[in-house]
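Student: Next comes the structure file upload14.cif, holding mmCIF, C-alpha atoms and all ligand atoms.
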```cif
data_final
#
loop_
_atom_site.label_atom_id
_atom_site.label_comp_id
_atom_site.auth_asym_id
_atom_site.auth_seq_id
_atom_site.Cartn_x
_atom_site.Cartn_y
_atom_site.Cartn_z
CA MET A 1 9.32 -90.54 1.12
CA LYS A 2 13.10 -90.65 1.07
CA THR A 3 13.34 -88.93 -2.30
CA LYS A 4 11.00 -86.23 -1.04
CA ILE A 5 13.21 -85.50 1.96
CA ILE A 6 16.27 -85.46 -0.27
CA SER A 7 14.68 -83.07 -2.76
CA VAL A 8 13.55 -80.74 0.03
CA ILE A 9 17.05 -80.65 1.53
CA ALA A 10 18.53 -80.18 -1.94
CA TYR A 11 16.19 -77.24 -2.48
CA ILE A 12 17.12 -75.58 0.79
CA ILE A 13 20.84 -75.91 0.08
CA LEU A 14 20.95 -75.43 -3.68
CA ALA A 15 18.27 -72.76 -4.19
CA PRO A 16 20.39 -69.84 -2.91
CA ILE A 17 23.33 -71.02 -5.01
CA ILE A 18 21.23 -71.36 -8.16
CA GLY A 19 19.38 -68.12 -7.40
CA GLY A 20 22.64 -66.24 -6.92
CA LEU A 21 24.09 -67.65 -10.11
CA LEU A 22 20.95 -66.70 -12.04
CA ASP A 23 21.30 -63.20 -10.62
CA GLY A 24 24.93 -63.11 -11.72
CA ILE A 25 24.00 -64.30 -15.20
CA ASP A 26 21.30 -61.64 -15.27
CA ARG A 27 23.80 -58.88 -14.48
CA LYS A 28 26.35 -60.23 -16.93
CA ILE A 29 23.87 -60.56 -19.80
CA SER A 30 22.38 -57.14 -19.04
CA ALA A 31 25.88 -55.67 -19.18
CA ARG A 32 26.60 -57.37 -22.48
CA MET A 33 23.32 -56.09 -23.89
CA GLN A 34 24.53 -52.58 -23.04
CA ARG A 35 27.96 -53.33 -24.52
CA ARG A 36 29.68 -53.40 -21.17
CA VAL A 37 32.01 -55.96 -19.64
CA GLY A 38 29.85 -56.22 -16.56
CA PRO A 39 30.62 -57.57 -13.09
CA PRO A 40 32.02 -61.06 -12.52
CA LEU A 41 29.55 -63.92 -12.53
CA LEU A 42 29.91 -64.41 -8.78
CA GLN A 43 29.30 -60.73 -7.99
CA PRO A 44 25.95 -61.37 -6.20
CA PHE A 45 27.76 -63.66 -3.75
CA TYR A 46 30.47 -61.04 -3.14
CA ASP A 47 27.74 -58.50 -2.47
CA LEU A 48 25.95 -60.83 -0.08
CA GLY A 49 29.15 -61.61 1.81
CA LYS A 50 29.94 -57.94 2.16
CA LEU A 51 26.46 -57.13 3.41
CA PHE A 52 26.82 -59.74 6.14
CA ASN A 53 30.18 -58.25 7.15
CA LYS A 54 28.99 -54.70 7.68
CA GLN A 55 27.94 -53.05 10.88
CA VAL A 56 24.44 -53.97 11.90
CA ILE A 57 22.13 -50.98 11.85
CA VAL A 58 18.44 -51.44 12.41
CA VAL A 59 15.86 -48.71 12.19
CA ARG A 60 13.30 -50.80 14.05
CA SER A 61 14.20 -54.04 15.75
CA SER A 62 10.95 -55.57 14.51
CA GLN A 63 12.15 -55.16 10.93
CA SER A 64 14.83 -57.85 11.31
CA PHE A 65 12.26 -60.22 12.77
CA LEU A 66 9.75 -59.58 9.97
CA LEU A 67 12.38 -60.05 7.27
CA LEU A 68 13.54 -63.25 8.90
CA CYS A 69 9.93 -64.47 8.78
CA TYR A 70 9.82 -63.49 5.11
CA LEU A 71 12.89 -65.64 4.48
CA ILE A 72 11.63 -68.58 6.50
CA PHE A 73 8.20 -68.57 4.89
CA MET A 74 9.78 -68.41 1.46
CA ILE A 75 11.94 -71.42 2.29
CA ILE A 76 8.84 -73.25 3.55
CA THR A 77 7.03 -72.45 0.29
CA GLY A 78 9.77 -73.97 -1.81
CA ALA A 79 10.21 -76.90 0.53
CA MET A 80 6.49 -77.65 0.23
CA LEU A 81 6.71 -77.59 -3.54
CA TYR A 82 9.64 -79.98 -3.54
CA ALA A 83 7.92 -82.21 -1.00
CA GLY A 84 5.18 -82.56 -3.60
CA VAL A 85 2.28 -81.34 -1.47
CA ASP A 86 -0.67 -79.15 -2.38
CA LEU A 87 0.24 -76.43 -4.91
CA LEU A 88 -2.57 -74.19 -3.74
CA MET A 89 -1.19 -74.35 -0.20
CA CYS A 90 2.26 -73.38 -1.52
CA MET A 91 0.79 -70.29 -3.12
CA PHE A 92 -0.99 -69.32 0.09
CA VAL A 93 2.22 -69.61 2.07
CA LEU A 94 3.91 -67.54 -0.64
CA SER A 95 1.33 -64.78 -0.14
CA THR A 96 1.93 -64.94 3.61
CA ALA A 97 5.64 -64.45 2.99
CA ALA A 98 4.88 -61.44 0.80
CA MET A 99 2.82 -59.98 3.65
CA PHE A 100 5.82 -60.14 5.97
CA LEU A 101 7.83 -58.18 3.42
CA TYR A 102 5.07 -55.58 3.31
CA PHE A 103 5.10 -55.16 7.07
CA ALA A 104 8.90 -55.10 7.18
CA ALA A 105 8.86 -52.14 4.83
CA CYS A 106 6.02 -50.43 6.71
CA VAL A 107 7.63 -50.42 10.14
CA THR A 108 10.34 -48.01 9.03
CA SER A 109 8.93 -44.54 8.93
CA SER A 110 10.72 -43.71 5.69
CA PRO A 111 8.30 -42.37 3.08
CA TYR A 112 10.17 -44.19 0.33
CA SER A 113 9.81 -47.62 1.82
CA THR A 114 6.18 -46.90 2.70
CA ILE A 115 5.44 -46.00 -0.91
CA GLY A 116 7.36 -49.09 -1.97
CA ALA A 117 5.31 -51.21 0.41
CA SER A 118 1.96 -49.97 -0.84
CA ARG A 119 3.12 -50.49 -4.40
CA GLU A 120 4.13 -54.01 -3.47
CA LEU A 121 0.53 -54.61 -2.37
CA ILE A 122 -0.67 -53.39 -5.74
CA GLN A 123 1.75 -55.77 -7.42
CA ILE A 124 0.34 -58.63 -5.37
CA MET A 125 -3.13 -57.56 -6.46
CA ALA A 126 -2.01 -57.61 -10.10
CA TYR A 127 -0.46 -61.06 -10.19
CA GLU A 128 -2.53 -63.02 -7.69
CA PRO A 129 -5.46 -63.84 -10.05
CA ALA A 130 -3.09 -65.37 -12.57
CA VAL A 131 -1.41 -67.42 -9.83
CA LEU A 132 -4.77 -68.79 -8.73
CA LEU A 133 -5.82 -69.57 -12.31
CA THR A 134 -2.53 -71.41 -12.80
CA CYS A 135 -3.41 -73.66 -9.87
CA VAL A 136 -6.92 -74.17 -11.23
CA GLY A 137 -5.51 -75.02 -14.65
CA PHE A 138 -3.22 -77.64 -13.17
CA TYR A 139 -6.17 -79.08 -11.28
CA LEU A 140 -8.31 -79.35 -14.41
CA VAL A 141 -5.58 -81.15 -16.31
CA SER A 142 -4.26 -83.51 -13.68
CA GLY A 143 -7.31 -83.83 -11.44
CA SER A 144 -5.35 -82.92 -8.34
CA PHE A 145 -3.62 -80.05 -6.62
CA GLU A 146 -0.80 -82.29 -5.43
CA VAL A 147 2.50 -81.23 -6.96
CA SER A 148 3.65 -84.82 -7.26
CA ASP A 149 0.60 -85.64 -9.43
CA ILE A 150 1.06 -82.51 -11.55
CA ALA A 151 4.76 -83.02 -12.11
CA PHE A 152 4.60 -86.70 -13.01
CA GLY A 153 1.56 -86.81 -15.29
CA LYS A 154 1.31 -88.87 -18.49
CA PHE A 155 1.94 -85.83 -20.66
CA SER A 156 3.12 -82.27 -20.23
CA ASP A 157 0.46 -79.91 -18.92
CA ILE A 158 1.47 -77.19 -21.34
CA ILE A 159 -0.37 -79.05 -24.14
CA TYR A 160 -3.65 -78.14 -22.47
CA LEU A 161 -2.55 -74.92 -20.82
CA PRO A 162 -0.70 -72.77 -23.37
CA GLY A 163 -2.64 -69.64 -22.39
CA VAL A 164 -2.10 -70.16 -18.69
CA PHE A 165 1.59 -70.73 -19.38
CA LEU A 166 1.87 -67.39 -21.18
CA ALA A 167 -0.06 -65.60 -18.44
CA TYR A 168 2.27 -67.13 -15.86
CA ILE A 169 5.32 -65.89 -17.77
CA PHE A 170 3.73 -62.46 -17.87
CA ILE A 171 3.21 -62.26 -14.12
CA LEU A 172 6.70 -63.64 -13.56
CA THR A 173 7.98 -60.24 -14.67
CA ILE A 174 5.87 -58.58 -11.98
CA LYS A 175 6.89 -61.12 -9.37
CA MET A 176 10.59 -60.72 -10.11
CA ARG A 177 10.21 -56.93 -10.00
CA LYS A 178 11.70 -56.48 -13.42
CA SER A 179 11.12 -53.56 -15.77
CA PRO A 180 8.50 -52.50 -16.89
CA PHE A 181 6.99 -53.72 -13.62
CA ASP A 182 9.74 -52.72 -11.18
CA ILE A 183 7.16 -50.64 -9.39
CA SER A 184 7.86 -51.35 -5.73
CA THR A 185 11.63 -51.43 -5.91
CA SER A 186 14.23 -51.17 -8.54
CA HIS A 187 17.61 -52.72 -9.13
CA HIS A 188 18.74 -49.48 -10.66
CA PRO A 189 19.54 -46.35 -8.70
CA ASN A 190 18.37 -42.76 -8.90
CA GLN A 191 14.72 -43.41 -9.24
CA GLU A 192 12.00 -41.32 -7.72
CA ILE A 193 11.47 -43.64 -4.75
CA VAL A 194 15.19 -44.32 -4.11
CA LYS A 195 15.19 -48.06 -3.44
CA GLY A 196 11.47 -48.36 -2.79
CA ILE A 197 10.58 -51.22 -0.51
CA THR A 198 14.24 -51.93 0.32
CA SER A 199 15.18 -48.42 1.38
CA GLU A 200 16.02 -48.04 5.06
CA MET A 201 16.95 -51.69 5.23
CA GLY A 202 20.31 -51.93 6.93
CA ALA A 203 23.08 -54.01 5.39
CA ARG A 204 22.25 -57.28 7.12
CA ASN A 205 18.53 -56.93 6.51
CA LEU A 206 19.18 -56.29 2.83
CA ALA A 207 21.23 -59.50 2.80
CA PHE A 208 18.20 -61.40 4.13
CA PHE A 209 16.03 -59.76 1.49
CA THR A 210 18.44 -60.72 -1.30
CA LEU A 211 18.65 -64.29 -0.07
CA THR A 212 14.86 -64.50 0.00
CA GLU A 213 14.67 -63.16 -3.53
CA TRP A 214 16.95 -65.93 -4.71
CA TYR A 215 14.79 -68.56 -3.01
CA GLU A 216 11.70 -66.97 -4.50
CA ASN A 217 13.09 -66.92 -8.04
CA VAL A 218 14.02 -70.58 -7.85
CA PHE A 219 10.55 -71.38 -6.54
CA LEU A 220 8.80 -69.41 -9.29
CA LEU A 221 10.90 -71.00 -12.00
CA SER A 222 10.20 -74.41 -10.50
CA VAL A 223 6.47 -73.77 -10.84
CA LEU A 224 7.19 -72.90 -14.47
CA ALA A 225 8.83 -76.31 -14.82
CA LEU A 226 5.57 -77.97 -13.69
CA PHE A 227 4.08 -77.00 -17.04
CA ILE A 228 6.69 -79.01 -18.91
CA THR A 229 7.53 -82.05 -16.83
CA ASN A 230 5.91 -85.44 -17.18
CA ARG A 231 6.87 -89.01 -16.41
CA SER A 232 9.78 -89.24 -18.83
CA PRO A 233 13.14 -87.90 -17.63
CA VAL A 234 13.66 -86.13 -20.97
CA SER A 235 10.90 -83.69 -20.04
CA PHE A 236 12.93 -82.51 -17.05
CA LEU A 237 15.76 -81.58 -19.37
CA ALA A 238 13.24 -79.76 -21.55
CA ALA A 239 11.98 -77.95 -18.45
CA VAL A 240 15.46 -76.68 -17.65
CA ILE A 241 15.85 -75.39 -21.20
CA VAL A 242 12.44 -73.69 -21.07
CA ILE A 243 13.37 -72.07 -17.75
CA LEU A 244 16.60 -70.70 -19.19
CA VAL A 245 14.82 -69.38 -22.28
CA VAL A 246 12.12 -67.71 -20.18
CA TYR A 247 14.76 -66.23 -17.87
CA PHE A 248 16.61 -64.82 -20.86
CA LEU A 249 13.34 -63.30 -22.11
CA GLU A 250 12.83 -61.66 -18.72
CA ILE A 251 16.29 -60.10 -18.92
CA LEU A 252 15.60 -58.91 -22.45
CA ILE A 253 12.29 -57.32 -21.45
CA ASP A 254 13.95 -55.79 -18.41
CA ASN A 255 16.59 -54.15 -20.56
CA CYS A 256 14.41 -52.77 -23.29
CA SER A 257 11.50 -51.30 -21.39
CA ALA A 258 10.89 -48.42 -19.03
CA ARG A 259 8.78 -48.67 -15.91
CA ILE A 260 5.06 -48.07 -16.40
CA LYS A 261 2.48 -46.58 -14.08
CA TYR A 262 1.08 -48.90 -11.46
CA PHE A 263 -2.48 -48.59 -12.67
CA ASP A 264 -1.47 -49.57 -16.20
CA MET A 265 0.28 -52.57 -14.74
CA VAL A 266 -2.85 -53.74 -12.94
CA LYS A 267 -4.99 -53.27 -16.05
CA LEU A 268 -2.49 -55.01 -18.27
CA ALA A 269 -1.92 -57.89 -15.87
CA TRP A 270 -5.63 -58.51 -15.39
CA ALA A 271 -6.34 -58.23 -19.11
CA VAL A 272 -3.66 -60.78 -19.88
CA THR A 273 -4.92 -63.03 -17.09
CA VAL A 274 -8.53 -62.93 -18.28
CA VAL A 275 -7.79 -63.20 -21.98
CA LEU A 276 -5.05 -65.82 -21.93
CA ALA A 277 -5.53 -67.83 -18.75
CA GLY A 278 -9.28 -67.26 -18.37
CA SER A 279 -10.21 -68.24 -21.90
CA ASN A 280 -7.79 -71.17 -21.81
CA ILE A 281 -9.46 -72.57 -18.72
CA TRP A 282 -12.94 -71.86 -20.03
CA ILE A 283 -12.25 -73.76 -23.25
CA LEU A 284 -10.68 -76.56 -21.27
CA MET A 285 -13.80 -76.88 -19.16
CA LEU A 286 -16.04 -76.90 -22.24
CA VAL A 287 -14.09 -79.28 -24.41
CA LYS A 288 -12.59 -81.76 -22.06
CA GLN A 289 -14.63 -82.14 -18.95
CA ASN A 290 -12.63 -84.87 -17.36
CA ILE A 291 -9.17 -85.35 -18.70
CA VAL A 292 -7.16 -87.33 -16.25
CA ASN A 293 -3.47 -86.85 -16.75
CA MET B 294 38.96 -61.86 6.76
CA TYR B 295 36.36 -61.56 4.04
CA ASN B 296 37.38 -59.79 0.86
CA ILE B 297 34.89 -56.93 0.70
CA LYS B 298 36.93 -54.99 -1.86
CA ARG B 299 35.01 -56.65 -4.65
CA SER B 300 31.71 -55.08 -3.78
CA PRO B 301 31.92 -51.32 -3.19
CA TRP B 302 28.52 -49.67 -3.30
CA VAL B 303 28.68 -45.94 -3.70
CA LEU B 304 26.40 -43.18 -2.51
CA HIS B 305 26.65 -40.00 -4.50
CA TYR B 306 25.93 -36.66 -2.86
CA ASP B 307 25.99 -33.39 -4.74
CA GLY B 308 27.13 -30.54 -2.51
CA SER B 309 27.62 -26.98 -3.59
CA SER B 310 28.88 -27.85 -7.05
CA CYS B 311 28.48 -26.54 -10.58
CA ASN B 312 27.14 -30.02 -11.55
CA GLY B 313 30.18 -30.68 -13.74
CA CYS B 314 31.60 -33.32 -11.43
CA ASP B 315 28.19 -34.94 -10.89
CA ILE B 316 27.85 -35.56 -14.57
CA GLU B 317 31.30 -37.11 -14.60
CA VAL B 318 30.42 -39.35 -11.66
CA LEU B 319 27.35 -40.56 -13.50
CA ALA B 320 29.43 -40.97 -16.64
CA CYS B 321 31.54 -43.51 -14.74
CA LEU B 322 28.49 -45.71 -14.41
CA THR B 323 27.50 -45.51 -18.06
CA PRO B 324 28.40 -48.25 -20.53
CA VAL B 325 31.45 -46.31 -21.76
CA TYR B 326 33.39 -46.45 -18.49
CA ASP B 327 31.43 -49.32 -16.95
CA ALA B 328 32.31 -49.02 -13.28
CA GLU B 329 30.15 -52.08 -12.57
CA ARG B 330 32.96 -54.33 -13.74
CA PHE B 331 34.61 -53.65 -10.35
CA GLY B 332 31.34 -54.45 -8.62
CA ILE B 333 30.60 -50.76 -8.13
CA VAL B 334 26.90 -50.14 -7.76
CA ASN B 335 25.32 -46.74 -7.30
CA THR B 336 22.85 -46.94 -4.46
CA GLY B 337 20.54 -44.22 -3.24
CA ASP B 338 20.36 -45.43 0.33
CA PRO B 339 23.09 -44.40 2.83
CA MET B 340 22.29 -47.40 5.00
CA GLN B 341 23.44 -49.72 2.23
CA ALA B 342 26.38 -47.67 0.97
CA ASP B 343 30.09 -48.27 1.50
CA ILE B 344 31.74 -45.34 -0.22
CA LEU B 345 30.42 -41.80 -0.02
CA LEU B 346 31.26 -39.79 -3.13
CA ILE B 347 30.86 -36.08 -2.58
CA THR B 348 31.10 -33.52 -5.32
CA GLY B 349 31.08 -29.80 -4.66
CA GLY B 350 31.97 -27.84 -1.57
CA ILE B 351 30.30 -27.51 1.79
CA ASN B 352 28.09 -24.54 2.48
CA SER B 353 26.27 -23.56 5.61
CA GLN B 354 23.12 -25.36 4.50
CA ASN B 355 24.43 -28.73 3.41
CA ALA B 356 26.95 -29.20 6.22
CA ALA B 357 24.36 -30.86 8.43
CA VAL B 358 23.10 -33.02 5.57
CA VAL B 359 26.57 -34.34 4.75
CA LYS B 360 27.20 -35.10 8.40
CA GLN B 361 23.94 -37.00 8.66
CA LEU B 362 24.57 -39.02 5.51
CA TYR B 363 27.98 -39.98 6.87
CA GLU B 364 26.53 -41.01 10.19
CA GLN B 365 23.81 -43.12 8.60
CA MET B 366 26.33 -45.22 6.73
CA PRO B 367 27.26 -48.46 8.51
CA ARG B 368 30.93 -49.16 9.26
CA PRO B 369 33.26 -49.91 7.43
CA LYS B 370 32.86 -46.77 5.32
CA VAL B 371 35.06 -44.56 3.17
CA VAL B 372 34.64 -41.00 1.93
CA ALA B 373 35.95 -39.74 -1.40
CA ALA B 374 35.90 -36.08 -2.36
CA ILE B 375 35.50 -35.68 -6.12
CA GLY B 376 36.72 -32.51 -7.83
CA VAL B 377 38.58 -29.53 -6.43
CA CYS B 378 35.40 -28.04 -5.01
CA ALA B 379 34.97 -31.05 -2.77
CA CYS B 380 38.68 -31.11 -1.94
CA THR B 381 39.14 -27.48 -0.95
CA GLY B 382 36.19 -25.40 -2.04
CA GLY B 383 37.73 -24.79 -5.48
CA VAL B 384 36.59 -21.83 -7.49
CA PHE B 385 33.78 -21.15 -5.03
CA LYS B 386 36.17 -20.98 -2.09
CA ASP B 387 35.79 -17.24 -1.48
CA CYS B 388 32.00 -17.18 -1.76
CA TYR B 389 30.26 -15.88 1.34
CA ASN B 390 28.41 -19.13 2.02
CA ILE B 391 31.15 -21.68 1.36
CA LEU B 392 32.81 -23.24 4.39
CA GLY B 393 35.40 -25.10 2.32
CA GLY B 394 36.09 -28.70 1.30
CA VAL B 395 34.29 -31.78 2.54
CA ASP B 396 36.95 -32.36 5.21
CA LYS B 397 35.55 -29.38 7.09
CA VAL B 398 32.70 -31.57 8.33
CA ILE B 399 33.61 -35.25 7.90
CA PRO B 400 36.92 -37.14 7.55
CA VAL B 401 37.89 -37.61 3.89
CA ASP B 402 40.01 -40.58 2.79
CA VAL B 403 40.48 -40.04 -0.93
CA TYR B 404 40.87 -36.74 -2.73
CA VAL B 405 40.24 -36.84 -6.48
CA PRO B 406 41.42 -33.56 -8.02
CA GLY B 407 40.29 -32.06 -11.31
CA CYS B 408 37.81 -29.50 -12.53
CA ALA B 409 35.90 -31.43 -13.57
CA ALA B 410 37.44 -34.69 -12.32
CA ARG B 411 37.78 -37.10 -15.23
CA PRO B 412 35.86 -40.40 -15.11
CA GLN B 413 39.18 -42.27 -15.26
CA ALA B 414 40.37 -40.38 -12.20
CA ILE B 415 37.09 -40.99 -10.40
CA ILE B 416 37.23 -44.74 -11.02
CA ASP B 417 40.85 -44.68 -9.91
CA GLY B 418 39.79 -42.88 -6.76
CA ILE B 419 37.07 -45.44 -6.04
CA VAL B 420 39.54 -48.29 -6.56
CA LYS B 421 41.89 -46.57 -4.05
CA ALA B 422 38.94 -46.18 -1.71
CA CYS B 423 38.30 -49.94 -1.99
CA ASP B 424 41.72 -50.69 -0.45
CA ILE B 425 40.95 -48.36 2.43
CA PHE B 426 37.53 -50.01 2.68
CA GLN B 427 39.22 -53.37 3.24
CA GLN B 428 41.46 -51.90 5.96
CA ARG B 429 38.44 -50.40 7.64
CA LEU B 430 36.85 -53.83 7.88
CA ALA B 431 39.86 -55.04 9.87
CA GLU B 432 39.54 -52.04 12.17
CA HIS B 433 35.81 -52.62 12.46
CA GLU B 434 36.29 -56.26 13.43
CA GLN B 435 38.91 -55.33 15.99
CA MET B 436 36.54 -52.81 17.47
CA ILE B 437 33.81 -55.44 17.81
CA LYS B 438 36.28 -57.78 19.50
CA LYS B 439 37.40 -55.08 21.90
CA ASN B 440 33.82 -54.22 22.81
CA LYS B 441 33.09 -57.87 23.44
CA THR B 442 36.06 -58.36 25.75
CA ALA B 443 35.23 -55.11 27.51
CA LYS B 444 31.71 -56.36 28.10
CA GLU B 445 32.86 -59.76 29.35
CA GLY B 446 35.62 -58.32 31.51
S1 LIG C 501 35.45 -29.08 -9.43
FE1 LIG C 501 34.93 -27.83 -11.23
S2 LIG C 501 33.53 -29.13 -12.38
FE2 LIG C 501 33.65 -29.99 -10.33
S3 LIG C 501 31.95 -29.09 -9.22
FE3 LIG C 501 33.73 -27.78 -8.86
S4 LIG C 501 33.62 -26.20 -10.42
FE4 LIG C 501 32.27 -27.84 -11.06
#
```
Written as structure tokens, that's how I'd like the structure from this file.
Ligand code: SF4
Tutor:
Amino acid sequence: MKTKIISVIAYIILAPIIGGLLDGIDRKISARMQRRVGPPLLQPFYDLGKLFNKQVIVVRSSQSFLLLCYLIFMIITGAMLYAGVDLLMCMFVLSTAAMFLYFAACVTSSPYSTIGASRELIQIMAYEPAVLLTCVGFYLVSGSFEVSDIAFGKFSDIIYLPGVFLAYIFILTIKMRKSPFDISTSHHPNQEIVKGITSEMGARNLAFFTLTEWYENVFLLSVLALFITNRSPVSFLAAVIVILVVYFLEILIDNCSARIKYFDMVKLAWAVTVVLAGSNIWILMLVKQNIVN
Amino acid sequence: MYNIKRSPWVLHYDGSSCNGCDIEVLACLTPVYDAERFGIVNTGDPMQADILLITGGINSQNAAVVKQLYEQMPRPKVVAAIGVCACTGGVFKDCYNILGGVDKVIPVDVYVPGCAARPQAIIDGIVKACDIFQQRLAEHEQMIKKNKTAKEG
């Protein structure tokens, strides 16, 4: 019980720091890939600090409330994961958080953020099946949805779930809004929908959004770690390495691809989900009916 | 006071220009000149911008637009006029529709001369604007304090 409380508190405090650092590394590596010097590693924190120091402008007062809910629900999602409770429940709370973001973008009457919001819904539609299949896969292997059972199994779940693992990495690109799936918003300027879902967000609201993104990224990468970890402490080290490698891959893909049309994204995401995750789970059900990890 | 100099986000507006200066502004952000090493990010949203870069002069049609963009930006904010057109009206000065430089409608803090302004000069101008940006934060905070005491008193 004690360790659970400690890990939840550690998540709440450390996640924004780790998320911000990952963001900084992302910008630095991206710059180096384009042969630039790039911003300092701590640039995301400077940006966040500045955003909190600017004049507060709100288009609709409800937007601040909705974004605050988005942040709080995201923190709850991660806290639930680190408390070791039901993974399926975590994912449901995550979807609830995403809904708050959708509404926060909808309340402004800006056409850009409205387009961004509806595209965000399409993104949710694209990745949600794979998220659910990931949970199902974990259940088949460890016989439980509890995160504590999944994380501390006898062996790493990836042995039985290679396809699900790949599908999860694929939807991670959509979830992190990286190219080619930066459909609802973009980290780069001068695109046809300006800033998409984040346009018309005043400085302080954008700060909340950024903070939530950092929490979300840490949560998503933690779920990735569930594939690797088992009882031995060495596996946790391996998980960290896998996370860094996957994150680097995401940056690489982001830098060498252009955005695709939303419909292609949905088709591609579902095809990958069905082929990789679906067949993986199907085979698992056929071959090993009751593996208990 | 927080050091906000390290994170200037710019909003680029193209007034009545020949497009020469716009291309130079965008050149600043390309890998060759790499403005991002100062934390400069080009944003499309005035509500998230700190420095307004305007190229080209003001004509009767865009005067209202420039004013609105300026008003939508949250304090502290800085305006930089890029190129002689934005400074004074430049070669288009005597055209029937040109009102003049950007300072005809909004207060300008930094004037970057040149036709077209060189990327080096533009980055230099933005770095100058960053210092002003920091000063503006102090003014902004004082203003908040004053309003608070006025409300309490
Ligand atoms: S200053 Fe020269 S290059 Fe720049 S917009 Fe005016 S005419 Fe074009």
Student: Once you count all atoms listed in the file, which residues end up within 9 Å of ligand LIG 501 (chain C), and could you hand them over as a list in words?
Tutor: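 For ligand LIG 501 (chain C), the residues inside 9 Å are Asp307, Gly308, Ser309, Ser310, Cys311, Asn312, Gly313, Cys314, Asp315, Ile316, Glu317, Thr348, Gly349, Gly350, Ile375, Gly376, Val377, Cys378, Ala379, Cys380, Gly382, Gly383, Val384, Phe385, Pro406, Gly407, Cys408, Ala409 and Ala410 of chain B.
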Student: For a quick check of your reading of the model, name the residues lying within 12 Å of the coordinate (14.2, -60.6, -23.1), counting only C-alpha atoms, and write them as a PyMOL selection string.
Tutor: chain A and resi 26+29-30+33+169-170+173+178-180+244-257
Student: Suppose we keep C-alpha atoms; can you now write the selection as a JSON list (two decimals), keeping the file's coordinate frame?
Tutor:
```json
[["chain", "number", "residue", "atom", "x", "y", "z"],
["A", 26, "ASP", "CA", 21.30, -61.64, -15.27],
["A", 29, "ILE", "CA", 23.87, -60.56, -19.80],
["A", 30, "SER", "CA", 22.38, -57.14, -19.04],
["A", 33, "MET", "CA", 23.32, -56.09, -23.89],
["A", 169, "ILE", "CA", 5.32, -65.89, -17.77],
["A", 170, "PHE", "CA", 3.73, -62.46, -17.87],
["A", 173, "THR", "CA", 7.98, -60.24, -14.67],
["A", 178, "LYS", "CA", 11.70, -56.48, -13.42],
["A", 179, "SER", "CA", 11.12, -53.56, -15.77],
["A", 180, "PRO", "CA", 8.50, -52.50, -16.89],
["A", 244, "LEU", "CA", 16.60, -70.70, -19.19],
["A", 245, "VAL", "CA", 14.82, -69.38, -22.28],
["A", 246, "VAL", "CA", 12.12, -67.71, -20.18],
["A", 247, "TYR", "CA", 14.76, -66.23, -17.87],
["A", 248, "PHE", "CA", 16.61, -64.82, -20.86],
["A", 249, "LEU", "CA", 13.34, -63.30, -22.11],
["A", 250, "GLU", "CA", 12.83, -61.66, -18.72],
["A", 251, "ILE", "CA", 16.29, -60.10, -18.92],
["A", 252, "LEU", "CA", 15.60, -58.91, -22.45],
["A", 253, "ILE", "CA", 12.29, -57.32, -21.45],
["A", 254, "ASP", "CA", 13.95, -55.79, -18.41],
["A", 255, "ASN", "CA", 16.59, -54.15, -20.56],
["A", 256, "CYS", "CA", 14.41, -52.77, -23.29],
["A", 257, "SER", "CA", 11.50, -51.30, -21.39]]
```
Student: One decimal, Å: what's the distance from CA of Leu140 in chain A over to CA of Gly278 in chain A, could you say?
Tutor: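 That distance, rounded to one decimal, is 12.8 Å.
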Student: So, with all atoms listed in the file as the atoms that count, which of B:Pro400, B:Pro367, B:Pro301, B:Pro412 lies closest to chain A?
Tutor: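 Of B:Pro400, B:Pro367, B:Pro301, B:Pro412, the one nearest chain A is B:Pro367, counting all atoms listed in the file.
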Student: Name the residues within 8 Å of (29.4, -54.3, 2.8), counting all atoms listed in the file in the file's coordinates, and put them as a short mmCIF file (atom, residue, chain, number, x, y, z; two decimals) with C-alpha atoms, in the frame of the given file.
Tutor:
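Result file is point39.cif:
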```cif
data_model
loop_
_atom_site.label_atom_id
_atom_site.label_comp_id
_atom_site.auth_asym_id
_atom_site.auth_seq_id
_atom_site.Cartn_x
_atom_site.Cartn_y
_atom_site.Cartn_z
CA ASP A 47 27.74 -58.50 -2.47
CA LEU A 48 25.95 -60.83 -0.08
CA GLY A 49 29.15 -61.61 1.81
CA LYS A 50 29.94 -57.94 2.16
CA LEU A 51 26.46 -57.13 3.41
CA PHE A 52 26.82 -59.74 6.14
CA ASN A 53 30.18 -58.25 7.15
CA LYS A 54 28.99 -54.70 7.68
CA ALA A 203 23.08 -54.01 5.39
CA ILE B 297 34.89 -56.93 0.70
CA SER B 300 31.71 -55.08 -3.78
CA PRO B 301 31.92 -51.32 -3.19
CA TRP B 302 28.52 -49.67 -3.30
CA GLN B 341 23.44 -49.72 2.23
CA ALA B 342 26.38 -47.67 0.97
CA ASP B 343 30.09 -48.27 1.50
CA PRO B 369 33.26 -49.91 7.43
#
```
Student: Just need the residues of chain B within 10 Å of chain A, counting only C-alpha atoms, so spit them out as a PyMOL selection string.
Tutor: chain B and resi 294-302+304-305+323-343+365-370+430+433-434+437
Student: Do you know which residues are at most 10 Å from Cys69 in chain A counting all atoms listed in the file, after dropping those on the same chain fewer than 5 positions away, and could you put them as a list of chain:residue names?
Tutor: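 My reading of the contact set: A:Gln63, A:Ser64, A:Met74, A:Ile75, A:Thr96, A:Ala97, A:Ala98, A:Met99, A:Phe100, A:Leu101, A:Ala104, A:Phe208.
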Student: Could you please determine the separation between CA of Leu276 in chain A and CA of Pro233 in chain A in Å, to one decimal place?
Tutor: 28.9 Å
